[in-house]
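Shown next: my_file.cif, containing mmCIF, C-alpha atoms (C1' of nucleotides).
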```cif
data_work
loop_
_atom_site.group_PDB
_atom_site.id
_atom_site.type_symbol
_atom_site.label_atom_id
_atom_site.label_comp_id
_atom_site.auth_asym_id
_atom_site.auth_seq_id
_atom_site.Cartn_x
_atom_site.Cartn_y
_atom_site.Cartn_z
ATOM 1 C CA MET A 1 -77.070 -85.026 -51.369
ATOM 2 C CA PRO A 2 -76.050 -82.512 -48.799
ATOM 3 C CA VAL A 3 -72.412 -81.565 -48.383
ATOM 4 C CA LEU A 4 -71.420 -82.210 -44.812
ATOM 5 C CA PRO A 5 -69.612 -79.441 -42.949
ATOM 6 C CA ASP A 6 -66.030 -79.922 -41.833
ATOM 7 C CA TYR A 7 -66.811 -80.398 -38.166
ATOM 8 C CA PHE A 8 -69.289 -83.082 -39.117
ATOM 9 C CA LYS A 9 -66.942 -84.948 -41.426
ATOM 10 C CA ILE A 10 -64.109 -84.816 -38.946
ATOM 11 C CA SER A 11 -66.212 -86.105 -36.083
ATOM 12 C CA ASN A 12 -67.603 -88.841 -38.291
ATOM 13 C CA LYS A 13 -64.089 -89.855 -39.224
ATOM 14 C CA ILE A 14 -63.039 -90.082 -35.607
ATOM 15 C CA GLN A 15 -66.130 -92.093 -34.780
ATOM 16 C CA GLU A 16 -65.268 -94.443 -37.621
ATOM 17 C CA ASP A 17 -61.743 -94.847 -36.301
ATOM 18 C CA VAL A 18 -63.174 -95.808 -32.939
ATOM 19 C CA LYS A 19 -65.599 -98.310 -34.428
ATOM 20 C CA ARG A 20 -62.864 -99.906 -36.482
ATOM 21 C CA GLY A 21 -60.542 -100.174 -33.523
ATOM 22 C CA LYS A 22 -58.010 -97.828 -35.041
ATOM 23 C CA LEU A 23 -58.685 -95.770 -31.945
ATOM 24 C CA LYS A 24 -59.304 -97.705 -28.755
ATOM 25 C CA PRO A 25 -60.893 -96.726 -25.453
ATOM 26 C CA GLY A 26 -58.354 -94.825 -23.389
ATOM 27 C CA ASP A 27 -56.349 -93.715 -26.407
ATOM 28 C CA LYS A 28 -55.285 -90.101 -26.509
ATOM 29 C CA LEU A 29 -56.238 -88.057 -29.519
ATOM 30 C CA PRO A 30 -53.712 -85.807 -31.238
ATOM 31 C CA SER A 31 -53.459 -82.274 -29.882
ATOM 32 C CA ILE A 32 -55.767 -79.597 -31.199
ATOM 33 C CA ALA A 33 -52.866 -78.009 -33.038
ATOM 34 C CA GLU A 34 -52.083 -81.351 -34.633
ATOM 35 C CA LEU A 35 -55.681 -81.957 -35.699
ATOM 36 C CA CYS A 36 -55.772 -78.462 -37.170
ATOM 37 C CA LYS A 37 -52.815 -79.302 -39.387
ATOM 38 C CA GLN A 38 -54.134 -82.718 -40.355
ATOM 39 C CA HIS A 39 -57.508 -81.419 -41.494
ATOM 40 C CA ASP A 40 -56.486 -77.916 -42.429
ATOM 41 C CA VAL A 41 -59.050 -76.190 -40.251
ATOM 42 C CA SER A 42 -58.984 -73.732 -37.363
ATOM 43 C CA PRO A 43 -59.017 -74.529 -33.644
ATOM 44 C CA SER A 44 -62.623 -73.344 -33.472
ATOM 45 C CA THR A 45 -63.666 -76.069 -35.847
ATOM 46 C CA ILE A 46 -61.873 -78.754 -33.852
ATOM 47 C CA ARG A 47 -63.621 -77.451 -30.804
ATOM 48 C CA LEU A 48 -66.972 -77.996 -32.500
ATOM 49 C CA VAL A 49 -65.886 -81.547 -33.202
ATOM 50 C CA PHE A 50 -65.098 -82.047 -29.531
ATOM 51 C CA VAL A 51 -68.399 -80.604 -28.334
ATOM 52 C CA ARG A 52 -70.211 -82.942 -30.675
ATOM 53 C CA LEU A 53 -68.194 -86.044 -29.838
ATOM 54 C CA GLU A 54 -68.507 -85.308 -26.154
ATOM 55 C CA ALA A 55 -72.293 -85.144 -26.460
ATOM 56 C CA LEU A 56 -72.154 -88.491 -28.266
ATOM 57 C CA GLU A 57 -69.989 -89.860 -25.457
ATOM 58 C CA VAL A 58 -67.264 -90.831 -27.863
ATOM 59 C CA ILE A 59 -64.581 -88.828 -26.080
ATOM 60 C CA ASP A 60 -63.657 -87.432 -22.683
ATOM 61 C CA ARG A 61 -61.901 -84.109 -22.465
ATOM 62 C CA HIS A 62 -59.400 -83.276 -19.775
ATOM 63 C CA GLN A 63 -58.167 -79.735 -19.554
ATOM 64 C CA GLY A 64 -54.400 -79.537 -19.508
ATOM 65 C CA LYS A 65 -54.011 -83.240 -20.329
ATOM 66 C CA GLY A 66 -55.686 -84.163 -23.535
ATOM 67 C CA VAL A 67 -58.705 -85.691 -25.169
ATOM 68 C CA TYR A 68 -59.285 -89.418 -24.804
ATOM 69 C CA VAL A 69 -61.509 -92.026 -26.345
ATOM 70 C CA THR A 70 -64.233 -92.868 -23.831
ATOM 71 C CA ASP A 71 -63.357 -95.882 -21.771
ATOM 72 C CA PRO A 72 -66.331 -97.471 -20.002
ATOM 73 C CA ALA A 73 -63.916 -99.142 -17.590
ATOM 74 C CA THR A 74 -62.550 -95.883 -16.238
ATOM 75 C CA TRP A 75 -65.803 -94.087 -16.656
ATOM 76 C CA MET A 76 -66.745 -93.795 -13.033
ATOM 77 C CA ARG A 77 -63.456 -93.211 -11.286
ATOM 78 C CA LYS A 78 -61.778 -90.712 -13.498
ATOM 79 C CA PRO A 79 -58.053 -90.405 -12.810
ATOM 80 C CA MET B 80 -68.068 -78.547 -7.659
ATOM 81 C CA PRO B 81 -67.338 -77.562 -11.185
ATOM 82 C CA VAL B 82 -68.878 -74.403 -12.596
ATOM 83 C CA LEU B 83 -70.648 -75.351 -15.772
ATOM 84 C CA PRO B 84 -69.945 -73.253 -18.849
ATOM 85 C CA ASP B 85 -72.698 -71.174 -20.411
ATOM 86 C CA TYR B 86 -73.239 -73.426 -23.396
ATOM 87 C CA PHE B 87 -73.651 -76.351 -21.044
ATOM 88 C CA LYS B 88 -76.084 -74.644 -18.726
ATOM 89 C CA ILE B 89 -78.184 -73.341 -21.585
ATOM 90 C CA SER B 90 -78.393 -76.700 -23.305
ATOM 91 C CA ASN B 91 -79.251 -78.367 -20.014
ATOM 92 C CA LYS B 92 -82.011 -75.867 -19.457
ATOM 93 C CA ILE B 93 -83.500 -76.504 -22.861
ATOM 94 C CA GLN B 94 -83.302 -80.247 -22.298
ATOM 95 C CA GLU B 95 -85.106 -79.768 -19.011
ATOM 96 C CA ASP B 96 -87.827 -77.761 -20.717
ATOM 97 C CA VAL B 97 -88.313 -80.594 -23.153
ATOM 98 C CA LYS B 98 -88.464 -83.220 -20.433
ATOM 99 C CA ARG B 99 -90.988 -81.226 -18.460
ATOM 100 C CA GLY B 100 -93.172 -80.655 -21.483
ATOM 101 C CA LYS B 101 -92.642 -76.925 -21.432
ATOM 102 C CA LEU B 102 -91.239 -77.502 -24.899
ATOM 103 C CA LYS B 103 -92.968 -80.149 -26.962
ATOM 104 C CA PRO B 104 -91.877 -82.070 -30.050
ATOM 105 C CA GLY B 105 -92.344 -79.889 -33.096
ATOM 106 C CA ASP B 106 -92.153 -76.657 -31.133
ATOM 107 C CA LYS B 107 -90.005 -73.908 -32.577
ATOM 108 C CA LEU B 108 -87.284 -72.464 -30.408
ATOM 109 C CA PRO B 109 -86.724 -68.712 -30.180
ATOM 110 C CA SER B 110 -84.389 -67.248 -32.785
ATOM 111 C CA ILE B 111 -80.687 -67.145 -32.115
ATOM 112 C CA ALA B 112 -80.873 -63.390 -31.606
ATOM 113 C CA GLU B 113 -83.626 -63.899 -29.070
ATOM 114 C CA LEU B 114 -81.723 -66.565 -27.168
ATOM 115 C CA CYS B 115 -78.691 -64.292 -27.104
ATOM 116 C CA LYS B 116 -80.697 -61.623 -25.343
ATOM 117 C CA GLN B 117 -82.350 -64.020 -22.957
ATOM 118 C CA HIS B 118 -79.093 -65.541 -21.776
ATOM 119 C CA ASP B 119 -76.813 -62.606 -22.409
ATOM 120 C CA VAL B 120 -74.324 -64.500 -24.546
ATOM 121 C CA SER B 121 -73.006 -64.254 -28.094
ATOM 122 C CA PRO B 122 -74.390 -66.052 -31.140
ATOM 123 C CA SER B 123 -71.351 -68.330 -31.157
ATOM 124 C CA THR B 124 -72.309 -69.676 -27.769
ATOM 125 C CA ILE B 125 -75.852 -70.386 -28.881
ATOM 126 C CA ARG B 126 -74.485 -72.216 -31.916
ATOM 127 C CA LEU B 127 -72.434 -74.351 -29.580
ATOM 128 C CA VAL B 128 -75.614 -75.165 -27.692
ATOM 129 C CA PHE B 129 -77.242 -76.197 -30.941
ATOM 130 C CA VAL B 130 -74.343 -78.418 -31.982
ATOM 131 C CA ARG B 131 -74.595 -80.186 -28.666
ATOM 132 C CA LEU B 132 -78.374 -80.536 -28.636
ATOM 133 C CA GLU B 133 -78.308 -81.739 -32.211
ATOM 134 C CA ALA B 134 -75.859 -84.476 -31.327
ATOM 135 C CA LEU B 135 -78.163 -85.443 -28.462
ATOM 136 C CA GLU B 136 -81.054 -85.510 -30.922
ATOM 137 C CA VAL B 137 -83.009 -83.038 -28.860
ATOM 138 C CA ILE B 138 -83.428 -80.573 -31.703
ATOM 139 C CA ASP B 139 -83.547 -80.394 -35.474
ATOM 140 C CA ARG B 140 -82.101 -77.368 -37.214
ATOM 141 C CA HIS B 141 -83.462 -76.013 -40.461
ATOM 142 C CA GLN B 142 -81.474 -73.328 -42.173
ATOM 143 C CA GLY B 143 -83.619 -70.318 -43.007
ATOM 144 C CA LYS B 144 -86.574 -71.618 -41.000
ATOM 145 C CA GLY B 145 -85.719 -72.232 -37.414
ATOM 146 C CA VAL B 146 -84.769 -74.742 -34.774
ATOM 147 C CA TYR B 147 -87.350 -77.267 -33.643
ATOM 148 C CA VAL B 148 -87.709 -79.797 -30.867
ATOM 149 C CA THR B 149 -87.189 -83.241 -32.347
ATOM 150 C CA ASP B 150 -90.432 -84.891 -33.253
ATOM 151 C CA PRO B 151 -90.178 -88.636 -33.918
ATOM 152 C CA ALA B 152 -93.523 -88.492 -35.723
ATOM 153 C CA THR B 153 -92.376 -86.026 -38.347
ATOM 154 C CA TRP B 154 -88.874 -87.288 -38.436
ATOM 155 C CA MET B 155 -88.929 -88.739 -41.897
ATOM 156 C CA ARG B 156 -91.235 -86.460 -43.820
ATOM 157 C CA LYS B 157 -90.209 -83.058 -42.613
ATOM 158 C CA PRO B 158 -92.832 -80.337 -43.087
ATOM 159 C "C1'" DC C 159 -89.365 -64.349 -61.634
ATOM 160 C "C1'" DC C 160 -87.011 -61.129 -58.852
ATOM 161 C "C1'" DA C 161 -85.640 -58.458 -54.858
ATOM 162 C "C1'" DC C 162 -85.308 -58.220 -50.152
ATOM 163 C "C1'" DA C 163 -85.277 -59.236 -45.271
ATOM 164 C "C1'" DT C 164 -84.859 -62.796 -41.910
ATOM 165 C "C1'" DT C 165 -82.798 -66.730 -40.054
ATOM 166 C "C1'" DT C 166 -79.738 -70.248 -39.613
ATOM 167 C "C1'" DG C 167 -75.097 -72.285 -41.063
ATOM 168 C "C1'" DT C 168 -70.016 -72.609 -41.346
ATOM 169 C "C1'" DC C 169 -65.631 -71.112 -40.319
ATOM 170 C "C1'" DC C 170 -62.062 -68.127 -38.720
ATOM 171 C "C1'" DG C 171 -58.912 -65.656 -35.466
ATOM 172 C "C1'" DT C 172 -58.237 -64.001 -31.034
ATOM 173 C "C1'" DA C 173 -58.297 -63.019 -25.965
ATOM 174 C "C1'" DT C 174 -58.204 -64.942 -21.651
ATOM 175 C "C1'" DG C 175 -58.450 -68.550 -18.156
ATOM 176 C "C1'" DT C 176 -57.056 -72.916 -16.086
ATOM 177 C "C1'" DA C 177 -55.155 -77.525 -15.545
ATOM 178 C "C1'" DT C 178 -51.216 -80.458 -16.300
ATOM 179 C "C1'" DC C 179 -46.490 -81.577 -16.921
ATOM 180 C "C1'" DA D 180 -41.279 -71.084 -13.072
ATOM 181 C "C1'" DG D 181 -42.151 -72.073 -17.591
ATOM 182 C "C1'" DA D 182 -44.107 -74.666 -21.408
ATOM 183 C "C1'" DT D 183 -47.889 -77.068 -23.184
ATOM 184 C "C1'" DA D 184 -52.607 -78.079 -23.891
ATOM 185 C "C1'" DC D 185 -57.300 -77.721 -23.384
ATOM 186 C "C1'" DA D 186 -61.560 -74.544 -22.223
ATOM 187 C "C1'" DT D 187 -64.607 -70.758 -22.744
ATOM 188 C "C1'" DA D 188 -66.322 -67.004 -25.128
ATOM 189 C "C1'" DC D 189 -66.525 -63.340 -28.447
ATOM 190 C "C1'" DG D 190 -67.351 -61.046 -32.884
ATOM 191 C "C1'" DG D 191 -67.146 -61.002 -37.677
ATOM 192 C "C1'" DA D 192 -67.200 -62.518 -42.737
ATOM 193 C "C1'" DC D 193 -69.668 -64.890 -45.839
ATOM 194 C "C1'" DA D 194 -72.926 -68.551 -47.475
ATOM 195 C "C1'" DA D 195 -77.418 -70.732 -47.954
ATOM 196 C "C1'" DA D 196 -82.338 -71.598 -47.189
ATOM 197 C "C1'" DT D 197 -86.832 -69.621 -46.431
ATOM 198 C "C1'" DG D 198 -90.677 -66.538 -46.764
ATOM 199 C "C1'" DT D 199 -92.773 -62.365 -48.395
ATOM 200 C "C1'" DG D 200 -93.989 -58.733 -51.503
#
```

Would you mind writing the file out in structure tokens?
Amino acid sequence: MPVLPDYFKISNKIQEDVKRGKLKPGDKLPSIAELCKQHDVSPSTIRLVFVRLEALEVIDRHQGKGVYVTDPATWMRKP
Amino acid sequence: MPVLPDYFKISNKIQEDVKRGKLKPGDKLPSIAELCKQHDVSPSTIRLVFVRLEALEVIDRHQGKGVYVTDPATWMRKP
DNA sequence: CCACATTTGTCCGTATGTATC
DNA sequence: AGATACATACGGACAAATGTG
């Protein structure tokens, strides 16, 4: 059984939280700095998580604002 | 019009090559070092491309061997 | 079996830019 | 104007898998 890398485990965890409704569409994720502390990893690793989750359309990233759980409702007309 | 980042443009280009049949399922991509030269970026950027394309299930990565275009036929019993 | 080179993999820390508040 | 937060990109250290001799 392969040991999953950090960026994989973290993005899986976030995906799980979304599936379980712990994170809902439109919710804002903690800041990068916060996620670094929570998982004890560097900003670069969190960035990998974001690139992956963005490709999977789980999150939307907004420079200067934050990272949000994808909301199909506000998908087309982004604020 | 937003200027797309390098890792985005490169992964889009590879996706295009796959769609157009220039790259076919099972094909091996150039090495990271090679892709660095071709696009004049660092290895880190190419890795970002791979993380994205892997999430999109466009490629399969095999440590020590290479990176291949996803082939549904050989998906389960990898060579 | 062992040694070695090649290749990919993970993770880190940092510099700089840009959008938002 | 200043603080905060995300975005992009780089380069390096070290690990792990593969293939070859």

Please report as an mmCIF file with C-alpha atoms, keeping the file's coordinate frame which residues of chain B come no farther than 8 Å from chain C, using all atoms listed in the file.
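Saved to part-v8.cif:
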```cif
data_model
loop_
_atom_site.group_PDB
_atom_site.id
_atom_site.type_symbol
_atom_site.label_atom_id
_atom_site.label_comp_id
_atom_site.auth_asym_id
_atom_site.auth_seq_id
_atom_site.Cartn_x
_atom_site.Cartn_y
_atom_site.Cartn_z
ATOM 1 C CA SER B 110 -84.389 -67.248 -32.785
ATOM 2 C CA ARG B 140 -82.101 -77.368 -37.214
ATOM 3 C CA HIS B 141 -83.462 -76.013 -40.461
ATOM 4 C CA GLN B 142 -81.474 -73.328 -42.173
ATOM 5 C CA GLY B 143 -83.619 -70.318 -43.007
ATOM 6 C CA LYS B 144 -86.574 -71.618 -41.000
ATOM 7 C CA GLY B 145 -85.719 -72.232 -37.414
#
```

Please identify all residues of chain A having at least one atom at most 10 Å from any atom of chain B, considering all atoms listed in the file, and return them as a compact mmCIF listing (two decimals) with C-alpha atoms, in the coordinates of the input.
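That gives us out.txt:
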```
# COMPACT_ATOMS: atom_id res chain seq x y z
CA TYR A 7 -66.81 -80.40 -38.17
CA PHE A 8 -69.29 -83.08 -39.12
CA ARG A 47 -63.62 -77.45 -30.80
CA LEU A 48 -66.97 -78.00 -32.50
CA VAL A 49 -65.89 -81.55 -33.20
CA PHE A 50 -65.10 -82.05 -29.53
CA VAL A 51 -68.40 -80.60 -28.33
CA ARG A 52 -70.21 -82.94 -30.68
CA LEU A 53 -68.19 -86.04 -29.84
CA GLU A 54 -68.51 -85.31 -26.15
CA ALA A 55 -72.29 -85.14 -26.46
CA LEU A 56 -72.15 -88.49 -28.27
CA GLU A 57 -69.99 -89.86 -25.46
```

(request) Up to 9 Å from chain A, what residues of chain D turn up? Count all atoms listed in the file and give them as number ranges by chain. (result) D: 183-186

Could you take the residues named above and write them with C-alpha atoms (C1' of nucleotides), as a PDB file, in the coordinates of the input?
```pdb
ATOM      1  C1'  DT D 183     -47.889 -77.068 -23.184  1.00  0.00           C
ATOM      2  C1'  DA D 184     -52.607 -78.079 -23.891  1.00  0.00           C
ATOM      3  C1'  DC D 185     -57.300 -77.721 -23.384  1.00  0.00           C
ATOM      4  C1'  DA D 186     -61.560 -74.544 -22.223  1.00  0.00           C
TER       5       DA D 186
END
```

(message) On this structure, the PyMOL selection byres ((chain B and resi 96-109) around 8) would catch which residues? List them as a PyMOL selection string, sorted by chain and number.
(response) chain B and resi 92-95+110-111+113-114+145-151

(message) For a test of reading the model, state the distance in Å between CA of Val3 (chain A) and C1' of DA196 (chain D), rounded to one decimal.
(response)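 It comes out at 14.1 Å.
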
(message) Report, in Å to a single decimal, how far apart C1' of DA194 (chain D) and CA of His118 (chain B) are.
(response)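 Taking CA of His118 (chain B) and C1' of DA194 (chain D), their separation equals 26.6 Å.
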
(request) Just give me the gap between CA of Pro43 (chain A) and CA of Pro2 (chain A) in Å, one decimal is fine. (result) 24.2 Å

(message) Selection in question (the file shown): the PyMOL selection byres ((chain D and resi 188) around 8). Which residues does it include, as a PyMOL selection string?
(response) (chain B and resi 121+123-124) or (chain D and resi 187+189)

Would you compute, for all listed atoms of region 161-165 of chain C, the axis-aligned bounding box grown by 8 Å on each side, and then report its centre and edge lengths in Å rounded to one decimal, as JSON?
```
{"center_x": -84.2, "center_y": -62.5, "center_z": -47.5, "size_x": 18.8, "size_y": 24.5, "size_z": 30.8}
```
